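What follows is coords23.txt (compact mmCIF, C-alpha atoms).
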# COMPACT_ATOMS: atom_id res chain seq x y z
CA MET A 1 -8.73 25.50 32.83
CA ALA A 2 -6.27 28.33 33.34
CA LYS A 3 -7.70 31.72 34.28
CA LYS A 4 -6.50 33.89 31.42
CA PRO A 5 -6.76 37.32 33.12
CA ASP A 6 -4.65 36.08 36.06
CA LEU A 7 -1.98 34.67 33.73
CA ARG A 8 -1.81 37.90 31.75
CA GLN A 9 -1.53 40.00 34.90
CA ILE A 10 1.23 37.94 36.46
CA ALA A 11 3.19 37.92 33.18
CA GLU A 12 3.03 41.70 33.02
CA VAL A 13 3.98 42.16 36.69
CA ALA A 14 6.97 39.80 36.22
CA ARG A 15 8.04 41.77 33.14
CA ARG A 16 7.85 45.11 34.96
CA TYR A 17 9.82 43.82 37.93
CA GLY A 18 12.38 42.00 35.79
CA ILE A 19 11.78 38.60 37.36
CA ASP A 20 11.40 35.18 35.80
CA PRO A 21 7.67 34.69 35.12
CA ASP A 22 7.81 30.90 35.53
CA GLU A 23 9.52 31.02 38.92
CA PHE A 24 7.33 33.91 40.08
CA GLY A 25 4.14 32.11 39.01
CA LYS A 26 5.10 29.05 41.04
CA TYR A 27 6.11 31.20 44.00
CA VAL A 28 2.75 32.99 44.07
CA GLU A 29 0.90 29.68 43.76
CA ASP A 30 2.93 28.27 46.66
CA CYS A 31 2.09 31.36 48.73
CA LYS A 32 -1.60 30.58 48.22
CA ALA A 33 -1.05 26.94 49.13
CA HIS A 34 0.57 28.04 52.40
CA GLY A 35 -2.33 30.30 53.35
CA ASP A 36 -0.80 33.57 52.13
CA ARG A 37 -3.79 34.42 49.98
CA GLY A 38 -5.02 37.38 47.99
CA THR A 39 -8.30 39.21 48.31
CA GLN A 40 -9.52 39.20 44.72
CA ASN A 41 -11.96 36.36 45.31
CA ALA A 42 -12.82 33.46 47.59
CA ARG A 43 -10.15 31.32 45.92
CA GLY A 44 -7.45 33.62 47.30
CA ASP A 45 -6.31 35.04 43.98
CA PHE A 46 -4.39 38.29 44.08
CA THR A 47 -5.36 41.75 42.89
CA TRP A 48 -2.99 43.70 40.65
CA ALA A 49 -1.72 45.69 43.66
CA GLU A 50 -1.20 42.51 45.66
CA LEU A 51 0.75 40.92 42.78
CA CYS A 52 3.01 43.97 42.71
CA GLU A 53 3.56 43.57 46.48
CA LYS A 54 4.38 39.90 45.88
CA ALA A 55 6.90 40.89 43.19
CA ASP A 56 8.58 43.32 45.61
CA GLU A 57 8.63 40.61 48.26
CA PHE A 58 10.05 38.05 45.79
CA LYS A 59 12.88 40.34 44.73
CA GLY A 60 13.85 40.77 48.37
CA LEU A 61 14.06 37.05 49.14
CA MET B 1 9.90 8.25 16.48
CA SER B 2 10.35 11.91 15.64
CA THR B 3 7.05 12.84 14.07
CA VAL B 4 6.22 16.49 13.68
CA THR B 5 3.13 16.68 11.57
CA ALA B 6 -0.33 18.14 11.65
CA THR B 7 -3.75 16.62 11.75
CA PRO B 8 -6.40 17.01 10.49
CA ALA B 9 -4.83 17.63 7.09
CA SER B 10 -6.72 20.77 6.21
CA PRO B 11 -5.61 23.54 6.39
CA PRO B 12 -2.00 22.63 5.61
CA PRO B 13 0.41 22.24 8.50
CA ALA B 14 2.36 25.29 9.51
CA ASP B 15 6.08 25.47 9.21
CA PHE B 16 6.87 24.97 12.88
CA PRO B 17 10.33 25.93 14.09
CA PRO B 18 12.79 23.03 14.45
CA LEU B 19 12.85 23.77 18.18
CA LEU B 20 9.75 21.59 18.46
CA LEU B 21 11.64 18.56 17.12
CA ARG B 22 14.14 18.78 19.96
CA PHE B 23 11.30 17.93 22.35
CA VAL B 24 11.23 14.36 21.02
CA GLY B 25 13.19 12.01 23.28
CA GLU B 26 13.01 14.18 26.42
CA PRO B 27 12.07 12.24 29.59
CA PHE B 28 9.06 13.32 31.64
CA LEU B 29 9.81 14.54 35.18
CA PHE B 30 6.67 15.89 36.86
CA ALA B 31 3.65 18.16 36.46
CA ASN B 32 2.82 21.18 38.56
CA LYS B 33 0.26 23.92 38.92
CA SER B 34 1.30 27.52 38.47
CA TYR B 35 -0.60 30.70 39.41
CA GLY B 36 -3.79 31.12 37.42
CA ASP B 37 -4.50 27.37 37.40
CA GLU B 38 -1.98 26.75 34.66
CA LEU B 39 -0.75 23.18 34.05
CA VAL B 40 3.01 22.99 33.49
CA LEU B 41 4.68 19.70 32.51
CA HIS B 42 8.42 19.37 33.11
CA PHE B 43 10.86 17.26 31.09
CA GLY B 44 14.58 16.80 30.65
CA GLU B 45 16.93 17.27 33.58
CA ARG B 46 15.76 18.44 36.99
CA ARG B 47 16.94 21.89 38.07
CA LEU B 48 16.54 23.80 41.34
CA GLY B 49 16.42 27.58 41.54
CA PRO B 50 18.19 29.49 44.30
CA PRO B 51 16.88 28.94 47.85
CA ARG B 52 14.63 31.76 49.01
CA LYS B 53 13.59 32.18 52.64
CA THR B 54 9.92 33.08 52.88
CA ARG B 55 7.59 33.63 55.82
CA TRP B 56 6.28 30.08 55.33
CA GLY B 57 9.60 28.33 54.75
CA GLU B 58 12.14 27.84 52.00
CA PHE B 59 11.05 28.20 48.39
CA ARG B 60 13.12 26.70 45.57
CA TYR B 61 11.82 26.65 42.04
CA GLU B 62 12.01 23.06 40.88
CA HIS B 63 11.75 22.66 37.14
CA GLY B 64 12.89 20.71 34.13
CA THR B 65 15.32 21.91 31.49
CA VAL B 66 12.34 21.64 29.11
CA SER B 67 8.81 22.59 30.13
CA LEU B 68 5.44 22.62 28.38
CA HIS B 69 3.12 25.41 29.55
CA LEU B 70 -0.49 24.91 28.56
CA ARG B 71 -1.36 28.61 29.08
CA GLY B 72 -4.77 29.43 27.58
CA SER B 73 -5.58 26.00 26.20
CA ALA B 74 -8.13 23.45 27.24
CA TRP B 75 -6.27 20.21 27.77
CA ALA B 76 -6.46 16.48 28.35
CA VAL B 77 -3.90 14.03 29.67
CA GLN B 78 -4.65 10.43 28.85
CA SER B 79 -2.69 8.40 31.36
CA GLY B 80 -0.60 5.53 30.14
CA THR B 81 -0.38 4.11 33.65
CA ARG B 82 -4.02 4.07 34.74
CA ALA B 83 -7.40 4.09 33.06
CA THR B 84 -7.91 7.82 33.53
CA VAL B 85 -8.26 10.85 31.31
CA TYR B 86 -7.56 14.10 33.15
CA SER B 87 -8.95 17.25 31.58
CA GLU B 88 -9.83 20.90 32.05
CA GLY B 89 -11.83 23.22 29.82
CA LEU B 90 -13.12 20.64 27.37
CA MET B 91 -16.72 21.05 28.50
CA SER B 92 -18.76 23.87 29.99
CA GLU B 93 -18.81 24.31 33.76
CA SER B 94 -22.50 23.46 33.85
CA LEU B 95 -22.01 20.23 31.89
CA ARG B 96 -19.14 19.29 34.17
CA GLU B 97 -21.32 19.89 37.24
CA TRP B 98 -24.02 17.65 35.77
CA LEU B 99 -21.45 14.96 35.00
CA GLU B 100 -19.99 15.15 38.49
CA GLN B 101 -23.45 14.89 40.06
CA ALA B 102 -24.07 11.80 37.96
CA VAL B 103 -20.81 9.89 38.28
CA GLY B 104 -18.63 11.75 40.80
CA PRO B 105 -15.62 14.08 40.64
CA GLN B 106 -13.87 14.30 37.30
CA PRO B 107 -10.06 14.21 37.34
CA GLY B 108 -8.63 17.59 36.45
CA LEU B 109 -5.74 19.85 37.37
CA THR B 110 -5.48 18.89 41.05
CA ALA B 111 -5.46 15.19 40.24
CA VAL B 112 -3.01 15.34 37.34
CA VAL B 113 -0.37 17.08 39.47
CA SER B 114 -0.84 14.82 42.50
CA GLU B 115 -1.27 11.40 40.88
CA PRO B 116 1.30 9.52 38.80
CA ALA B 117 -0.63 10.15 35.60
CA ILE B 118 2.54 9.90 33.50
CA ASN B 119 5.45 7.68 34.42
CA PRO B 120 8.53 9.69 35.36
CA GLY B 121 11.15 8.80 32.78
CA ALA B 122 8.63 8.17 30.00
CA ARG B 123 10.06 9.76 26.87
CA VAL B 124 8.38 11.96 24.30
CA THR B 125 7.90 9.84 21.19
CA ALA B 126 5.92 12.22 18.98
CA VAL B 127 5.07 15.92 18.89
CA ILE B 128 2.13 16.74 16.68
CA PRO B 129 0.89 20.32 16.26
CA PHE B 130 -2.44 20.56 14.47
CA PRO B 131 -4.55 23.42 13.15
CA VAL B 132 -7.74 24.24 15.04
CA GLU B 133 -10.59 26.17 13.48
CA ARG B 134 -13.84 26.29 15.34
CA SER B 135 -16.21 28.91 16.68
CA ALA B 136 -14.17 31.95 17.78
CA VAL B 137 -10.90 30.02 17.69
CA THR B 138 -8.22 29.86 15.03
CA GLY B 139 -4.92 28.49 16.20
CA PHE B 140 -2.77 25.45 16.74
CA GLY B 141 -3.36 22.60 19.11
CA LEU B 142 -0.69 20.18 20.23
CA ARG B 143 -0.52 16.46 20.83
CA VAL B 144 2.43 14.93 22.67
CA ASP B 145 2.81 11.14 22.85
CA LEU B 146 4.99 9.43 25.45
CA SER B 147 6.63 6.03 25.62
CA ASP B 148 4.43 4.83 28.52
CA GLY B 149 1.32 5.23 26.39
CA SER B 150 0.35 8.61 27.84
CA THR B 151 -0.84 11.42 25.58
CA ILE B 152 -1.10 15.15 26.27
CA VAL B 153 -3.44 17.25 24.14
CA ALA B 154 -3.79 21.04 24.20
CA ILE B 155 -6.66 22.74 22.35
CA PRO B 156 -6.77 26.55 22.06
CA THR B 157 -9.75 28.39 23.52
CA PRO B 158 -11.16 31.78 22.44
CA ASP B 159 -8.81 34.71 22.88
CA ASP B 160 -10.13 37.06 25.57
CA GLY B 161 -9.09 40.17 23.62
CA PRO B 162 -7.37 43.35 24.74
CA ALA B 163 -7.01 44.02 28.46
CA ALA B 164 -5.17 46.64 30.46
CA ALA B 165 -3.40 47.01 33.79
CA PRO B 166 -4.88 49.52 36.26
CA ASP B 167 -2.48 52.19 34.92
CA GLY B 168 -3.93 51.74 31.42
CA GLU B 169 -0.94 49.93 29.95
CA PRO B 170 -2.02 46.98 27.80
CA LEU B 171 -1.52 43.49 29.17
CA PRO B 172 0.40 41.08 26.93
CA PRO B 173 -1.67 38.60 24.91
CA LEU B 174 -1.75 35.09 26.30
CA ALA B 175 -0.22 32.28 24.24
CA ASP B 176 -2.18 29.09 23.70
CA TRP B 177 0.84 27.01 24.72
CA GLU B 178 4.58 27.44 25.11
CA LEU B 179 7.54 25.08 25.02
CA HIS B 180 10.49 26.35 27.05
CA THR B 181 13.87 24.85 26.20
CA PRO B 182 17.52 25.76 26.79
CA HIS B 183 17.58 26.89 23.16
CA GLY B 184 14.67 29.33 23.40
CA ASN B 185 10.95 29.44 24.06
CA LEU B 186 8.49 28.39 21.39
CA VAL B 187 5.40 30.57 21.83
CA VAL B 188 2.26 29.52 19.97
CA GLY B 189 -0.84 31.71 19.79
CA PRO B 190 -3.04 33.47 20.25
CA GLY B 191 -4.30 32.80 16.75
CA ARG B 192 -1.80 31.56 14.19
CA GLU B 193 1.16 33.40 15.71
CA ILE B 194 4.25 31.24 16.15
CA ARG B 195 7.48 32.73 17.44
CA VAL B 196 10.69 31.76 19.16
CA ALA B 197 11.55 34.04 22.06
CA GLU B 198 14.72 34.29 24.11
CA ARG B 199 14.51 32.12 27.22
CA GLY B 200 12.98 34.11 30.07
CA SER B 201 11.46 36.80 27.84

Structure re-expressed in structure tokens:
Amino acid sequence: MAKKPDLRQIAEVARRYGIDPDEFGKYVEDCKAHGDRGTQNARGDFTWAELCEKADEFKGL
Amino acid sequence: MSTVTATPASPPPADFPPLLLRFVGEPFLFANKSYGDELVLHFGERRLGPPRKTRWGEFRYEHGTVSLHLRGSAWAVQSGTRATVYSEGLMSESLREWLEQAVGPQPGLTAVVSEPAINPGARVTAVIPFPVERSAVTGFGLRVDLSDGSTIVAIPTPDDGPAAAPDGEPLPPLADWELHTPHGNLVVGPGREIRVAERGS
């Protein structure tokens, strides 16, 4: 089942950076699938700071 | 068929916004996994977001004009094309481990997005929200029937309560499920909250 804290964090990061949460959520998932993983846990989830870096990166693409 | 009703009958069905009715008749496109292990089911017409060059290649957000986001709900997808029920969150992790030791891997999120669980083009024939009241959960579940015999069911799970970002600002509550359409986003939960938000908000 979905990991609620991760969903709430990514929604808030998307809101703060003014980006579409659906597109950003898929982008971050695709990053993980391509080996660009976070350090929050062994599954490669992202910390809050890493999600903010991802949002910066996404806005620059 | 354009059923919008609630079951079981008690408590009485909520007055769901008419936006939900517009879901009936939409053709299924595909399912995908979004960050946080969220199942998203896409319907309607296929759209592609702008191309974005990343360090691992091009990224384009592929989506339907209508999408069902199962957010904080446990869910099941009963396939109309194969004898399989895909599910996540309907049993405890320990029970699932026991079951998998006994009979093998149980189809869940990875399988439902990689296998043709629902026939592309199958149309939504019924949309049935229903009240859920059980331990620590009060909210609305959702059943969606499709013309190929598939059924999608979302069942709310306990709200995880207030949480904050590292700077102390509160994190937004997580809906139980959302229906995104060109006419607005239907946001359901947590609890009995039902609202229609501007698309993208």

Could you work out which residues of chain A fall inside 10 Å of chain B? Count only C-alpha atoms, and format the result as a PyMOL selection string.
chain A and resi 1-15+18-32+34-36+45-46+48-49+57-61

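When atom CA of A:Lys54 is paired with atom CA of B:Ser114, their separation reads 25.8 Å.
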
By how many Å are atom CA of B:Glu193 and atom CA of B:Ala76 apart?
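So the answer is 22.5 Å.
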
Can you tell me how far atom CA of B:Thr84 sits from atom CA of B:Ala117, in Å to one decimal?
7.9 Å

Pick from B:Pro182, B:Gly80, B:Ser150, B:Gly139 nearest to B:Ile194, counting only C-alpha atoms
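The shortest atom-to-atom distance to B:Ile194 comes from B:Gly139.
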
Hey, which of B:Gly104, B:Gly141, B:Pro18, B:Gly121 ends up closest to B:Glu45? Count only C-alpha atoms.
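Checking each of B:Gly104, B:Gly141, B:Pro18, B:Gly121 against B:Glu45, counting only C-alpha atoms, the winner is B:Gly121.
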
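With only C-alpha atoms taken into account, every residue lying no more than 10 Å from the file point (6.1, 9.0, 32.7) is included here: Pro27, Phe28, Leu29, Phe30, Phe43, Ser79, Gly80, Thr81, Pro116, Ala117, Ile118, Asn119, Pro120, Gly121, Ala122, Arg123, Val124, Leu146, Ser147, Asp148, Gly149 and Ser150 of chain B.
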
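Nearest residue to B:Pro156 among B:Ala83, B:Val144, B:Leu179, B:Val188 is B:Val188, counting only C-alpha atoms.
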
Output stretch 16-27 of chain A with all heavy atoms present, as an mmCIF file, in the coordinates of the input.
data_model
loop_
_atom_site.group_PDB
_atom_site.id
_atom_site.type_symbol
_atom_site.label_atom_id
_atom_site.label_comp_id
_atom_site.auth_asym_id
_atom_site.auth_seq_id
_atom_site.Cartn_x
_atom_site.Cartn_y
_atom_site.Cartn_z
ATOM 1 N N ARG A 16 7.534 43.783 34.408
ATOM 2 C CA ARG A 16 7.850 45.110 34.960
ATOM 3 C C ARG A 16 8.899 45.032 36.062
ATOM 4 O O ARG A 16 9.695 45.949 36.225
ATOM 5 C CB ARG A 16 6.581 45.773 35.508
ATOM 6 C CG ARG A 16 5.588 46.152 34.437
ATOM 7 C CD ARG A 16 4.446 46.966 35.024
ATOM 8 N NE ARG A 16 3.400 47.190 34.038
ATOM 9 C CZ ARG A 16 2.419 48.053 34.189
ATOM 10 N NH1 ARG A 16 2.340 48.786 35.301
ATOM 11 N NH2 ARG A 16 1.502 48.207 33.258
ATOM 12 N N TYR A 17 8.883 43.950 36.812
ATOM 13 C CA TYR A 17 9.820 43.820 37.930
ATOM 14 C C TYR A 17 11.095 43.071 37.537
ATOM 15 O O TYR A 17 11.975 42.885 38.374
ATOM 16 C CB TYR A 17 9.140 43.137 39.121
ATOM 17 C CG TYR A 17 8.231 44.059 39.895
ATOM 18 C CD1 TYR A 17 6.957 44.348 39.438
ATOM 19 C CD2 TYR A 17 8.660 44.660 41.080
ATOM 20 C CE1 TYR A 17 6.112 45.205 40.136
ATOM 21 C CE2 TYR A 17 7.828 45.517 41.788
ATOM 22 C CZ TYR A 17 6.557 45.781 41.313
ATOM 23 O OH TYR A 17 5.727 46.646 42.010
ATOM 24 N N GLY A 18 11.172 42.651 36.282
ATOM 25 C CA GLY A 18 12.380 42.000 35.790
ATOM 26 C C GLY A 18 12.656 40.658 36.451
ATOM 27 O O GLY A 18 13.804 40.312 36.720
ATOM 28 N N ILE A 19 11.597 39.911 36.715
ATOM 29 C CA ILE A 19 11.780 38.600 37.360
ATOM 30 C C ILE A 19 11.254 37.498 36.431
ATOM 31 O O ILE A 19 10.423 37.749 35.562
ATOM 32 C CB ILE A 19 11.081 38.535 38.739
ATOM 33 C CG1 ILE A 19 9.614 38.941 38.651
ATOM 34 C CG2 ILE A 19 11.820 39.422 39.732
ATOM 35 C CD1 ILE A 19 8.913 38.994 39.997
ATOM 36 N N ASP A 20 11.774 36.305 36.644
ATOM 37 C CA ASP A 20 11.400 35.180 35.800
ATOM 38 C C ASP A 20 9.917 34.846 35.998
ATOM 39 O O ASP A 20 9.506 34.529 37.120
ATOM 40 C CB ASP A 20 12.266 33.960 36.155
ATOM 41 C CG ASP A 20 11.935 32.763 35.288
ATOM 42 O OD1 ASP A 20 12.516 32.653 34.211
ATOM 43 O OD2 ASP A 20 11.073 31.950 35.698
ATOM 44 N N PRO A 21 9.118 34.909 34.938
ATOM 45 C CA PRO A 21 7.670 34.690 35.120
ATOM 46 C C PRO A 21 7.324 33.276 35.575
ATOM 47 O O PRO A 21 6.356 33.091 36.313
ATOM 48 C CB PRO A 21 7.087 35.002 33.743
ATOM 49 C CG PRO A 21 8.216 34.886 32.788
ATOM 50 C CD PRO A 21 9.468 35.216 33.539
ATOM 51 N N ASP A 22 8.117 32.287 35.150
ATOM 52 C CA ASP A 22 7.810 30.900 35.530
ATOM 53 C C ASP A 22 8.056 30.698 37.033
ATOM 54 O O ASP A 22 7.231 30.103 37.740
ATOM 55 C CB ASP A 22 8.657 29.916 34.735
ATOM 56 C CG ASP A 22 8.371 29.987 33.238
ATOM 57 O OD1 ASP A 22 7.303 30.498 32.868
ATOM 58 O OD2 ASP A 22 9.222 29.540 32.455
ATOM 59 N N GLU A 23 9.199 31.181 37.499
ATOM 60 C CA GLU A 23 9.520 31.020 38.920
ATOM 61 C C GLU A 23 8.553 31.843 39.781
ATOM 62 O O GLU A 23 8.071 31.370 40.818
ATOM 63 C CB GLU A 23 10.965 31.461 39.182
ATOM 64 C CG GLU A 23 11.397 31.210 40.622
ATOM 65 C CD GLU A 23 12.857 31.532 40.869
ATOM 66 O OE1 GLU A 23 13.518 32.092 39.990
ATOM 67 O OE2 GLU A 23 13.328 31.234 41.988
ATOM 68 N N PHE A 24 8.244 33.050 39.318
ATOM 69 C CA PHE A 24 7.330 33.910 40.080
ATOM 70 C C PHE A 24 5.926 33.300 40.141
ATOM 71 O O PHE A 24 5.277 33.309 41.192
ATOM 72 C CB PHE A 24 7.290 35.298 39.440
ATOM 73 C CG PHE A 24 6.470 36.303 40.195
ATOM 74 C CD1 PHE A 24 6.668 36.520 41.554
ATOM 75 C CD2 PHE A 24 5.494 37.051 39.541
ATOM 76 C CE1 PHE A 24 5.902 37.451 42.254
ATOM 77 C CE2 PHE A 24 4.730 37.979 40.221
ATOM 78 C CZ PHE A 24 4.930 38.182 41.583
ATOM 79 N N GLY A 25 5.464 32.728 39.030
ATOM 80 C CA GLY A 25 4.140 32.110 39.010
ATOM 81 C C GLY A 25 4.043 30.961 40.002
ATOM 82 O O GLY A 25 3.033 30.798 40.693
ATOM 83 N N LYS A 26 5.106 30.178 40.081
ATOM 84 C CA LYS A 26 5.100 29.050 41.040
ATOM 85 C C LYS A 26 5.190 29.571 42.465
ATOM 86 O O LYS A 26 4.547 29.025 43.376
ATOM 87 C CB LYS A 26 6.262 28.100 40.729
ATOM 88 C CG LYS A 26 6.217 26.818 41.544
ATOM 89 C CD LYS A 26 5.023 25.958 41.146
ATOM 90 C CE LYS A 26 4.999 24.601 41.843
ATOM 91 N NZ LYS A 26 4.692 24.661 43.265
ATOM 92 N N TYR A 27 5.983 30.616 42.664
ATOM 93 C CA TYR A 27 6.110 31.200 44.000
ATOM 94 C C TYR A 27 4.747 31.703 44.501
ATOM 95 O O TYR A 27 4.343 31.413 45.641
ATOM 96 C CB TYR A 27 7.119 32.350 43.980
ATOM 97 C CG TYR A 27 7.141 33.145 45.257
ATOM 98 C CD1 TYR A 27 7.651 32.602 46.430
ATOM 99 C CD2 TYR A 27 6.611 34.438 45.304
ATOM 100 C CE1 TYR A 27 7.641 33.314 47.615
ATOM 101 C CE2 TYR A 27 6.608 35.162 46.483
ATOM 102 C CZ TYR A 27 7.115 34.593 47.635
ATOM 103 O OH TYR A 27 7.091 35.313 48.811
#
